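Shown here: structure_18.cif, mmCIF, C-alpha atoms and all ligand atoms.
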data_target
loop_
_atom_site.label_atom_id
_atom_site.label_comp_id
_atom_site.auth_asym_id
_atom_site.auth_seq_id
_atom_site.Cartn_x
_atom_site.Cartn_y
_atom_site.Cartn_z
CA MET B 1 -90.91 199.62 108.63
CA THR B 2 -90.74 200.78 105.04
CA LEU B 3 -87.90 198.63 103.75
CA THR B 4 -89.35 195.92 101.51
CA PRO B 5 -88.00 192.34 101.88
CA LEU B 6 -86.75 192.46 98.29
CA VAL B 7 -84.63 195.52 99.01
CA ARG B 8 -83.47 194.39 102.46
CA ASP B 9 -82.13 191.06 101.14
CA HIS B 10 -80.51 192.68 98.15
CA VAL B 11 -78.71 195.34 100.19
CA ALA B 12 -77.54 192.80 102.78
CA ALA B 13 -75.94 190.75 99.99
CA LEU B 14 -74.02 193.64 98.37
CA ALA B 15 -70.27 193.89 98.94
CA PRO B 16 -69.11 197.08 100.73
CA ASP B 17 -67.51 198.33 97.53
CA ALA B 18 -70.87 198.02 95.76
CA LEU B 19 -72.18 200.70 98.13
CA PRO B 20 -73.54 203.29 98.04
CA ALA B 21 -76.32 202.16 95.74
CA TYR B 22 -79.76 203.23 94.69
CA VAL B 23 -82.07 200.26 94.99
CA TYR B 24 -85.55 200.35 93.52
CA ASP B 25 -88.39 197.93 94.18
CA LEU B 26 -90.29 197.99 90.89
CA ASP B 27 -92.88 195.50 92.16
CA ALA B 28 -93.71 197.86 95.04
CA LEU B 29 -93.86 200.76 92.58
CA ARG B 30 -96.29 198.90 90.32
CA ARG B 31 -98.50 197.95 93.29
CA HIS B 32 -98.53 201.51 94.61
CA ALA B 33 -99.32 203.07 91.23
CA ALA B 34 -102.10 200.53 90.63
CA ALA B 35 -103.62 201.39 94.02
CA VAL B 36 -103.48 205.11 93.20
CA ARG B 37 -105.17 204.49 89.85
CA ALA B 38 -107.84 202.32 91.48
CA ALA B 39 -108.67 205.09 93.98
CA LEU B 40 -109.37 207.63 91.23
CA PRO B 41 -112.67 208.05 89.38
CA ALA B 42 -112.72 206.98 85.72
CA ARG B 43 -112.95 210.61 84.58
CA VAL B 44 -109.61 211.44 86.23
CA GLU B 45 -106.55 210.93 84.06
CA LEU B 46 -103.31 210.15 85.86
CA TYR B 47 -100.11 211.56 84.38
CA TYR B 48 -96.70 211.09 85.98
CA ALA B 49 -94.46 214.17 86.27
CA ALA B 50 -91.24 212.73 84.87
CA LYS B 51 -89.00 215.26 86.58
CA ALA B 52 -89.55 213.48 89.92
CA ASN B 53 -87.59 210.46 88.65
CA PRO B 54 -87.03 209.82 84.95
CA GLU B 55 -85.18 206.46 85.24
CA PRO B 56 -86.36 204.44 82.22
CA ALA B 57 -87.15 201.40 84.41
CA VAL B 58 -89.32 203.60 86.64
CA LEU B 59 -91.13 205.17 83.69
CA ALA B 60 -91.77 201.71 82.21
CA ALA B 61 -92.98 200.24 85.51
CA LEU B 62 -95.58 203.01 85.77
CA ARG B 63 -96.89 202.51 82.25
CA GLY B 64 -99.63 200.06 83.23
CA SER B 65 -101.20 202.50 85.69
CA VAL B 66 -100.76 205.96 84.21
CA ASP B 67 -102.51 207.57 81.26
CA GLY B 68 -99.47 209.58 80.27
CA TYR B 69 -96.41 211.54 81.37
CA GLU B 70 -95.81 215.22 81.99
CA VAL B 71 -92.47 216.45 80.63
CA SER B 72 -90.94 219.88 81.13
CA SER B 73 -88.04 220.12 78.70
CA GLY B 74 -86.92 218.99 75.29
CA GLY B 75 -84.55 216.59 77.04
CA GLU B 76 -87.32 214.97 79.08
CA LEU B 77 -89.53 214.86 76.02
CA ALA B 78 -87.00 212.90 73.94
CA HIS B 79 -86.06 210.68 76.90
CA VAL B 80 -89.62 209.76 77.88
CA ARG B 81 -90.55 209.16 74.22
CA ARG B 82 -87.74 206.59 74.04
CA ALA B 83 -88.53 204.95 77.41
CA VAL B 84 -92.30 204.61 76.86
CA PRO B 85 -92.79 205.19 73.12
CA ASP B 86 -96.56 204.82 72.97
CA ALA B 87 -97.42 207.02 75.95
CA PRO B 88 -99.30 210.33 75.65
CA LEU B 89 -97.18 213.30 76.77
CA ALA B 90 -98.10 216.67 78.21
CA PHE B 91 -95.42 219.27 77.57
CA GLY B 92 -95.03 222.02 80.19
CA GLY B 93 -92.28 224.22 81.56
CA PRO B 94 -91.89 227.96 82.01
CA GLY B 95 -89.19 228.63 79.39
CA LYS B 96 -89.61 226.63 76.20
CA THR B 97 -86.98 227.48 73.59
CA PRO B 98 -87.93 227.79 69.91
CA ALA B 99 -85.92 224.60 69.25
CA GLU B 100 -87.78 222.69 72.00
CA ILE B 101 -91.12 223.85 70.61
CA ALA B 102 -90.18 222.72 67.10
CA GLU B 103 -88.97 219.36 68.43
CA ALA B 104 -92.15 218.83 70.44
CA VAL B 105 -94.26 219.66 67.40
CA ALA B 106 -92.26 217.14 65.36
CA LEU B 107 -92.53 214.40 68.03
CA GLY B 108 -96.22 215.13 68.59
CA VAL B 109 -97.42 215.80 72.13
CA HIS B 110 -100.87 215.11 73.49
CA ARG B 111 -101.27 218.40 75.40
CA TRP B 112 -99.34 221.66 75.38
CA HIS B 113 -99.25 223.48 78.69
CA VAL B 114 -98.90 227.03 77.45
CA GLU B 115 -97.32 229.44 79.92
CA GLY B 116 -97.93 232.81 78.32
CA VAL B 117 -99.03 234.91 75.36
CA GLN B 118 -95.69 234.80 73.58
CA GLU B 119 -95.63 231.01 73.76
CA LEU B 120 -98.95 230.87 71.90
CA HIS B 121 -97.43 232.97 69.14
CA ARG B 122 -94.23 230.92 69.02
CA LEU B 123 -96.15 227.67 68.85
CA ALA B 124 -98.45 229.00 66.12
CA GLU B 125 -95.41 230.19 64.17
CA VAL B 126 -93.84 226.72 64.22
CA LEU B 127 -97.15 225.09 63.29
CA ALA B 128 -97.50 227.46 60.31
CA THR B 129 -94.39 225.84 58.79
CA THR B 130 -95.73 222.26 59.08
CA PRO B 131 -98.68 220.41 57.57
CA GLN B 132 -99.52 219.32 61.12
CA ALA B 133 -103.11 219.14 62.33
CA PRO B 134 -104.11 221.58 65.11
CA VAL B 135 -102.55 220.88 68.50
CA ASP B 136 -104.35 220.77 71.84
CA VAL B 137 -103.42 223.40 74.38
CA MET B 138 -104.11 223.98 78.06
CA LEU B 139 -103.49 227.44 79.54
CA ARG B 140 -101.37 227.27 82.68
CA VAL B 141 -102.83 229.76 85.13
CA ASN B 142 -101.34 231.03 88.36
CA LEU B 143 -104.53 231.31 90.40
CA PRO B 144 -104.80 232.90 93.81
CA VAL B 145 -105.91 230.27 96.27
CA ALA B 146 -107.74 231.44 99.37
CA SER B 147 -105.40 231.54 102.35
CA GLY B 148 -106.18 228.65 104.62
CA GLN B 149 -106.12 226.17 101.77
CA LEU B 150 -102.37 226.44 101.36
CA ASP B 151 -101.34 227.40 104.88
CA SER B 152 -99.30 224.33 105.62
CA VAL B 153 -97.59 224.10 102.28
CA ALA B 154 -93.83 223.86 101.94
CA LEU B 155 -93.60 225.00 98.35
CA ALA B 156 -96.56 227.14 97.30
CA MET B 157 -96.27 228.15 93.65
CA GLY B 158 -99.66 229.71 93.01
CA GLY B 159 -101.39 232.96 93.81
CA ARG B 160 -98.21 234.94 94.34
CA PRO B 161 -95.54 236.29 92.01
CA THR B 162 -93.80 233.40 90.21
CA PRO B 163 -92.27 232.72 86.79
CA PHE B 164 -94.85 229.94 86.30
CA GLY B 165 -97.95 230.17 84.17
CA MET B 166 -99.97 233.31 83.55
CA ASP B 167 -102.08 235.62 85.65
CA PRO B 168 -105.85 235.10 85.46
CA ASP B 169 -106.33 238.22 83.31
CA THR B 170 -103.71 237.02 80.83
CA ALA B 171 -105.57 233.73 80.54
CA GLY B 172 -108.62 235.76 79.45
CA GLU B 173 -106.45 237.48 76.86
CA CYS B 174 -105.22 234.09 75.57
CA VAL B 175 -108.77 232.79 75.28
CA GLY B 176 -109.52 235.87 73.18
CA LEU B 177 -106.48 235.26 70.96
CA LEU B 178 -107.44 231.62 70.47
CA ALA B 179 -110.90 232.72 69.33
CA GLY B 180 -109.12 234.53 66.47
CA PRO B 181 -106.73 233.32 63.73
CA LEU B 182 -104.47 231.51 66.24
CA GLY B 183 -107.36 229.18 66.95
CA ARG B 184 -106.98 227.60 63.51
CA ARG B 185 -103.82 225.80 64.66
CA LEU B 186 -104.27 225.75 68.43
CA ARG B 187 -107.30 224.06 69.98
CA LEU B 188 -108.05 225.23 73.51
CA ARG B 189 -108.96 222.24 75.70
CA GLY B 190 -108.92 223.84 79.12
CA ILE B 191 -106.98 225.11 82.11
CA HIS B 192 -103.88 223.77 83.79
CA ALA B 193 -102.66 224.80 87.23
CA HIS B 194 -99.97 223.44 89.52
CA LEU B 195 -100.20 225.61 92.59
CA ALA B 196 -98.46 223.91 95.45
CA SER B 197 -96.46 220.98 96.69
CA GLY B 198 -97.06 219.00 99.85
CA LEU B 199 -100.87 219.16 100.06
CA ASP B 200 -102.93 216.60 101.95
CA ALA B 201 -106.03 215.13 100.31
CA ASP B 202 -108.55 217.65 101.72
CA ALA B 203 -106.43 220.63 100.68
CA GLN B 204 -105.83 219.08 97.28
CA VAL B 205 -109.59 218.61 96.73
CA ALA B 206 -110.19 222.23 97.78
CA VAL B 207 -107.60 223.41 95.28
CA ALA B 208 -109.15 221.21 92.58
CA GLU B 209 -112.57 222.78 93.27
CA ARG B 210 -111.12 226.26 93.08
CA ILE B 211 -109.38 225.62 89.76
CA THR B 212 -112.39 223.86 88.26
CA ASP B 213 -114.87 226.55 89.32
CA TRP B 214 -112.60 229.30 88.06
CA SER B 215 -112.13 227.49 84.77
CA ALA B 216 -115.90 227.13 84.31
CA GLU B 217 -116.39 230.86 85.00
CA LEU B 218 -113.71 231.79 82.48
CA ALA B 219 -115.32 229.56 79.86
CA ASP B 220 -118.75 231.08 80.64
CA ARG B 221 -117.46 234.62 80.19
CA HIS B 222 -116.31 233.65 76.68
CA ALA B 223 -119.44 231.59 75.93
CA LEU B 224 -117.34 228.43 75.72
CA THR B 225 -117.12 225.15 77.58
CA PHE B 226 -113.80 223.57 78.48
CA ASP B 227 -113.76 219.79 78.56
CA GLU B 228 -110.58 219.43 80.61
CA VAL B 229 -108.95 220.73 83.75
CA ASN B 230 -105.48 219.71 84.89
CA ILE B 231 -104.99 220.39 88.60
CA GLY B 232 -101.27 219.57 88.69
CA GLY B 233 -99.32 217.51 91.21
CA GLY B 234 -98.03 218.23 94.68
CA MET B 235 -99.64 215.39 96.63
CA ALA B 236 -97.83 215.24 99.97
CA VAL B 237 -95.04 212.89 100.94
CA ASP B 238 -94.34 212.97 104.68
CA TYR B 239 -90.58 212.61 105.22
CA ALA B 240 -91.08 212.62 108.98
CA ASP B 241 -93.33 209.55 108.74
CA PRO B 242 -92.18 207.22 105.96
CA ALA B 243 -95.09 204.84 106.51
CA ALA B 244 -97.68 207.61 105.93
CA ARG B 245 -99.34 207.91 102.53
CA PHE B 246 -101.37 210.60 100.81
CA ASP B 247 -105.02 209.59 101.25
CA TRP B 248 -105.80 208.66 97.64
CA THR B 249 -109.18 207.20 98.61
CA ALA B 250 -110.36 210.46 100.23
CA PHE B 251 -108.94 212.37 97.28
CA GLY B 252 -110.74 210.14 94.77
CA THR B 253 -114.02 210.53 96.69
CA GLY B 254 -113.61 214.32 96.73
CA LEU B 255 -112.91 214.42 93.00
CA GLU B 256 -115.92 212.19 92.34
CA LYS B 257 -118.17 214.77 94.02
CA LEU B 258 -116.51 217.55 92.07
CA LEU B 259 -117.04 215.70 88.79
CA ASP B 260 -120.71 215.16 89.67
CA ARG B 261 -121.10 218.94 89.54
CA HIS B 262 -119.29 219.12 86.18
CA PRO B 263 -120.74 216.51 83.84
CA GLY B 264 -118.63 215.95 80.74
CA LEU B 265 -115.46 217.29 82.36
CA THR B 266 -112.22 215.28 82.39
CA LEU B 267 -109.86 216.03 85.24
CA ARG B 268 -106.16 215.35 84.93
CA ILE B 269 -103.61 215.13 87.73
CA GLU B 270 -99.84 214.93 87.38
CA PRO B 271 -98.18 213.83 90.61
CA GLY B 272 -94.48 213.07 90.69
CA ARG B 273 -93.19 212.69 94.24
CA ALA B 274 -96.21 210.86 95.67
CA LEU B 275 -95.94 208.17 92.97
CA THR B 276 -92.24 207.33 93.06
CA ALA B 277 -90.76 208.53 96.39
CA TYR B 278 -91.60 205.22 98.11
CA CYS B 279 -90.03 202.87 95.57
CA GLY B 280 -86.40 204.00 95.93
CA TRP B 281 -83.75 203.58 98.66
CA TYR B 282 -80.22 204.87 98.95
CA ALA B 283 -78.19 202.18 100.67
CA THR B 284 -74.75 202.71 102.12
CA GLU B 285 -72.22 201.55 104.70
CA VAL B 286 -71.00 203.26 107.86
CA LEU B 287 -67.28 204.01 107.39
CA ASP B 288 -66.63 205.47 110.81
CA VAL B 289 -68.38 206.64 113.95
CA LYS B 290 -66.86 209.57 115.79
CA GLN B 291 -67.63 211.41 118.97
CA SER B 292 -67.46 215.15 118.51
CA HIS B 293 -68.07 217.50 121.42
CA GLY B 294 -70.50 215.12 123.02
CA GLU B 295 -72.38 214.00 119.90
CA ASP B 296 -72.07 210.89 117.72
CA PHE B 297 -71.43 211.24 114.00
CA ALA B 298 -71.74 208.30 111.64
CA VAL B 299 -69.88 208.94 108.40
CA VAL B 300 -71.18 206.84 105.51
CA ARG B 301 -69.98 206.07 102.00
CA GLY B 302 -71.41 208.57 99.53
CA GLY B 303 -73.20 211.73 100.55
CA THR B 304 -75.72 214.38 99.66
CA HIS B 305 -74.10 214.77 96.23
CA HIS B 306 -75.99 211.52 95.54
CA LEU B 307 -79.07 212.25 97.65
CA ARG B 308 -79.49 215.97 97.98
CA THR B 309 -83.11 215.81 99.11
CA PRO B 310 -82.56 216.27 102.89
CA ALA B 311 -80.19 219.20 102.29
CA THR B 312 -82.51 220.97 99.85
CA ARG B 313 -85.68 220.40 101.86
CA GLY B 314 -84.03 220.82 105.25
CA HIS B 315 -85.39 217.55 106.64
CA ASP B 316 -83.93 214.41 108.19
CA GLN B 317 -84.02 211.58 105.67
CA PRO B 318 -85.62 208.54 107.34
CA PHE B 319 -83.42 205.45 107.44
CA THR B 320 -83.20 201.86 108.60
CA VAL B 321 -80.06 200.29 110.05
CA LEU B 322 -79.09 196.83 108.79
CA PRO B 323 -76.60 195.51 111.38
CA VAL B 324 -73.56 193.65 110.07
CA ALA B 325 -72.19 191.13 112.59
CA GLU B 326 -68.67 190.68 111.24
CA TRP B 327 -65.90 192.97 112.41
CA PRO B 328 -62.63 191.49 111.12
CA HIS B 329 -60.24 194.16 112.41
CA PRO B 330 -57.94 193.99 115.47
CA TRP B 331 -58.98 197.46 116.72
CA SER B 332 -62.19 198.19 118.54
CA ARG B 333 -65.26 198.84 116.46
CA PRO B 334 -66.36 202.48 116.39
CA ALA B 335 -69.95 202.75 117.60
CA VAL B 336 -72.59 205.24 118.64
CA THR B 337 -72.41 205.91 122.39
CA THR B 338 -75.29 208.33 123.04
CA GLY B 339 -78.27 206.53 121.48
CA ARG B 340 -78.41 209.25 118.81
CA ALA B 341 -76.48 209.72 115.60
CA THR B 342 -76.01 212.43 113.02
CA VAL B 343 -75.51 210.64 109.72
CA ALA B 344 -73.10 212.49 107.44
CA GLY B 345 -71.54 211.75 104.06
CA GLN B 346 -68.01 211.95 102.71
CA LEU B 347 -68.14 215.53 101.50
CA CYS B 348 -65.96 218.24 103.02
CA THR B 349 -68.85 220.52 103.85
CA PRO B 350 -70.96 220.77 107.01
CA LYS B 351 -74.06 220.67 104.79
CA ASP B 352 -73.41 217.04 103.92
CA VAL B 353 -75.82 215.64 106.49
CA PHE B 354 -78.63 213.16 105.79
CA ALA B 355 -80.16 213.17 109.25
CA HIS B 356 -79.46 215.00 112.51
CA ARG B 357 -79.33 213.46 116.00
CA GLN B 358 -81.63 210.58 115.17
CA PRO B 359 -82.37 207.91 117.75
CA VAL B 360 -80.63 204.61 116.93
CA GLU B 361 -80.62 201.42 118.95
CA ALA B 362 -77.08 200.70 117.83
CA LEU B 363 -74.93 201.90 114.97
CA ARG B 364 -71.37 200.79 114.30
CA ALA B 365 -68.77 201.05 111.58
CA ALA B 366 -69.54 198.51 108.82
CA ASP B 367 -73.28 198.51 109.57
CA ARG B 368 -75.51 199.41 106.68
CA VAL B 369 -77.81 202.38 106.55
CA VAL B 370 -80.67 202.40 104.07
CA PHE B 371 -82.39 205.72 103.44
CA ALA B 372 -86.06 205.55 102.51
CA LEU B 373 -88.16 207.89 100.34
CA ALA B 374 -85.29 208.17 97.87
CA GLY B 375 -87.33 207.36 94.78
CA ALA B 376 -88.19 210.97 93.85
CA TYR B 377 -86.18 214.19 93.59
CA ALA B 378 -83.13 212.27 94.79
CA TRP B 379 -80.31 211.22 92.44
CA ASN B 380 -81.54 213.39 89.56
CA ILE B 381 -81.53 216.64 91.56
CA SER B 382 -78.12 216.05 93.16
CA HIS B 383 -74.73 217.63 92.42
CA HIS B 384 -72.91 214.43 91.40
CA GLU B 385 -69.56 215.87 90.41
CA PHE B 386 -68.79 217.64 93.67
CA LEU B 387 -65.64 216.05 95.20
CA MET B 388 -65.35 213.37 92.50
CA HIS B 389 -66.44 210.32 94.48
CA PRO B 390 -67.51 207.29 92.47
CA ARG B 391 -71.11 207.09 91.32
CA PRO B 392 -73.49 204.85 93.24
CA GLY B 393 -74.70 201.58 91.77
CA PHE B 394 -78.24 201.35 90.43
CA HIS B 395 -80.36 198.26 91.02
CA PHE B 396 -83.88 197.86 89.68
CA LEU B 397 -85.41 194.89 91.46
CA THR B 398 -88.41 192.93 90.32
CA THR B 399 -89.60 189.37 90.72
CA GLU B 400 -91.85 189.62 87.69
CA THR B 401 -90.55 188.17 84.45
CA PRO B 402 -90.74 190.73 81.67
C1 LIG K 1 -93.08 219.41 89.53
C2 LIG K 1 -94.39 219.46 88.87
C3 LIG K 1 -95.33 218.45 89.11
C4 LIG K 1 -95.11 217.33 90.08
O1 LIG K 1 -95.03 217.81 91.40
P1 LIG K 1 -94.93 216.77 92.62
O2 LIG K 1 -94.80 217.65 93.81
O3 LIG K 1 -93.73 215.93 92.37
O4 LIG K 1 -96.17 215.96 92.63
C5 LIG K 1 -96.51 218.51 88.40
N1 LIG K 1 -96.77 219.51 87.52
C6 LIG K 1 -95.89 220.50 87.30
C7 LIG K 1 -96.23 221.57 86.33
C8 LIG K 1 -94.68 220.51 87.96
O5 LIG K 1 -93.82 221.52 87.73
#
Would you write out, as structure tokens, the structure that this file holds?
Amino acid sequence: MTLTPLVRDHVAALAPDALPAYVYDLDALRRHAAAVRAALPARVELYYAAKANPEPAVLAALRGSVDGYEVSSGGELAHVRRAVPDAPLAFGGPGKTPAEIAEAVALGVHRWHVEGVQELHRLAEVLATTPQAPVDVMLRVNLPVASGQLDSVALAMGGRPTPFGMDPDTAGECVGLLAGPLGRRLRLRGIHAHLASGLDADAQVAVAERITDWSAELADRHALTFDEVNIGGGMAVDYADPAARFDWTAFGTGLEKLLDRHPGLTLRIEPGRALTAYCGWYATEVLDVKQSHGEDFAVVRGGTHHLRTPATRGHDQPFTVLPVAEWPHPWSRPAVTTGRATVAGQLCTPKDVFAHRQPVEALRAADRVVFALAGAYAWNISHHEFLMHPRPGFHFLTTETP
């Protein structure tokens, strides 16, 4: 059971017309983020990748547990600055426009994640027009990771052709450039890599070791030492098992051992999904249940234009049924007859399915369905305008007084 009491009671009390709704448990988010922080060694900095869920209330709830935020556009940069004004920001992203670079220089970012040679030049060019002190850069490297480490990964981004970061040789070239005149305005702090998504703790530690060792070798070749390594995000969220959690304790222990071998090094991680996925639910109401060629279909208010995650990832979004006793109509109540239901939305496309043929004890029109793991890559990655249905409500629950 992943539905928190706060969310269950709130959803049960909403009128049908207030559904669908995104409901967030900010207390649960704060507890989870604090537990993640507590599992990490002191020399590991925790940044939150804002693209996973940039709701201001979510960003603010995380503030007590994270060291900073990773942003990947000028829009995110301005937004996160407003939501958590004092927080350090790391600025990444594969295609930074000249205007975004100038804006980020003006706003001041803690770390630049530089993606290529041209970006170094562009950044230096902007800095040459300001009285600004040197900025701190990390080189984002697309490192090959030994096969085996990433075998089970849904979304590998490293070690194969991608638009992200630079090849290892190019990183060497950048180190050379930064040893020259560019180094007056750009201070090289270390290496950044974000190689995969969906890694378990052991795989994530192995990737961290690989990046850290490679970084140390690169520094050695140039007779330098780097004091930072950012190993990215990608800590797994298991959509098939909503109660499962990434093993932060094992991860923290693995990083501790790694740091023992690298005295003086600061590691940084920047998870998105594994921090916020668990704090959000998409709650809705069953409009109708139909039998189609031997299968039961529950059609709910809303659809994947609000919660695109199951369609994009090709999974079944886990859900809980909240039964509603009242049925005020004179006709018989549509209900699931086979013990399994495909839960679909209101869109006129066969892709609008949240979950296929899932076992349900009972499911009837007017019952509520609450989808879990909707706190990351959910509303903000969805195609809201398609079919012009009303927007969901947004509810940020907390029992703490601000
Ligand atoms: C998306 C992204 C993250 C966060 O990834 P998660 O899978 O949400 O943890 C971190 N760093 C970079 C550079 C990213 O692009």
For chain B against ligand LIG 1 (chain K), with a cut-off of 8 Å and counting only C-alpha atoms and all ligand atoms, what is the closest atom pair and its distance in Å to one decimal for every residue that makes the cut, ordered by chain and number, as CSV?
residue,atom,partner,partner_atom,distance
B:Tyr48,CA,K:LIG1,C4,7.6
B:Ala49,CA,K:LIG1,C4,5.0
B:Ala50,CA,K:LIG1,C4,8.0
B:Lys51,CA,K:LIG1,C1,6.5
B:Ala52,CA,K:LIG1,O3,5.4
B:Glu70,CA,K:LIG1,N1,7.1
B:Ser72,CA,K:LIG1,O5,7.4
B:Gly92,CA,K:LIG1,C7,6.3
B:Gly93,CA,K:LIG1,C7,6.7
B:Ala193,CA,K:LIG1,C7,7.3
B:His194,CA,K:LIG1,C7,5.3
B:Ala196,CA,K:LIG1,O2,7.4
B:Ser197,CA,K:LIG1,O2,4.7
B:Gly198,CA,K:LIG1,O2,6.6
B:Gly232,CA,K:LIG1,N1,4.7
B:Gly233,CA,K:LIG1,O4,3.8
B:Gly234,CA,K:LIG1,O2,3.4
B:Met235,CA,K:LIG1,O4,5.3
B:Ala236,CA,K:LIG1,O2,7.3
B:Ile269,CA,K:LIG1,C5,7.9
B:Glu270,CA,K:LIG1,C5,5.0
B:Pro271,CA,K:LIG1,O4,3.6
B:Gly272,CA,K:LIG1,O3,3.4
B:Arg273,CA,K:LIG1,O3,3.8
B:Ala274,CA,K:LIG1,O4,5.9
B:Leu275,CA,K:LIG1,O4,7.8
B:Ala376,CA,K:LIG1,O3,7.6
B:Tyr377,CA,K:LIG1,O3,7.8
Axis-aligned box for segment 183-188 of chain B, 3 Å per side, centre and edges in Å as JSON:
{"center_x": -105.9, "center_y": 226.6, "center_z": 68.5, "size_x": 10.2, "size_y": 11.1, "size_z": 16.0}
So, with all atoms listed in the file as the atoms that count, which of B:Ala12, B:Leu397, B:Tyr282, B:Asp27 lies closest to Ala325 of chain B?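 Under the stated criterion, the closest residue is B:Ala12.
Nearest to Val105 of chain B of all the residues B:Ala83, B:Ala374, B:His32, B:Leu186 is B:Leu186, based on all atoms listed in the file.
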- [ ] Go through B:Glu55, B:Glu125, B:Asp67, B:Asp260 and flag the residue nearest Arg37 of chain B, using all atoms listed in the file for the distances.
- [x]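 Residue with the minimum atom-to-atom distance to Arg37 of chain B: B:Asp67.
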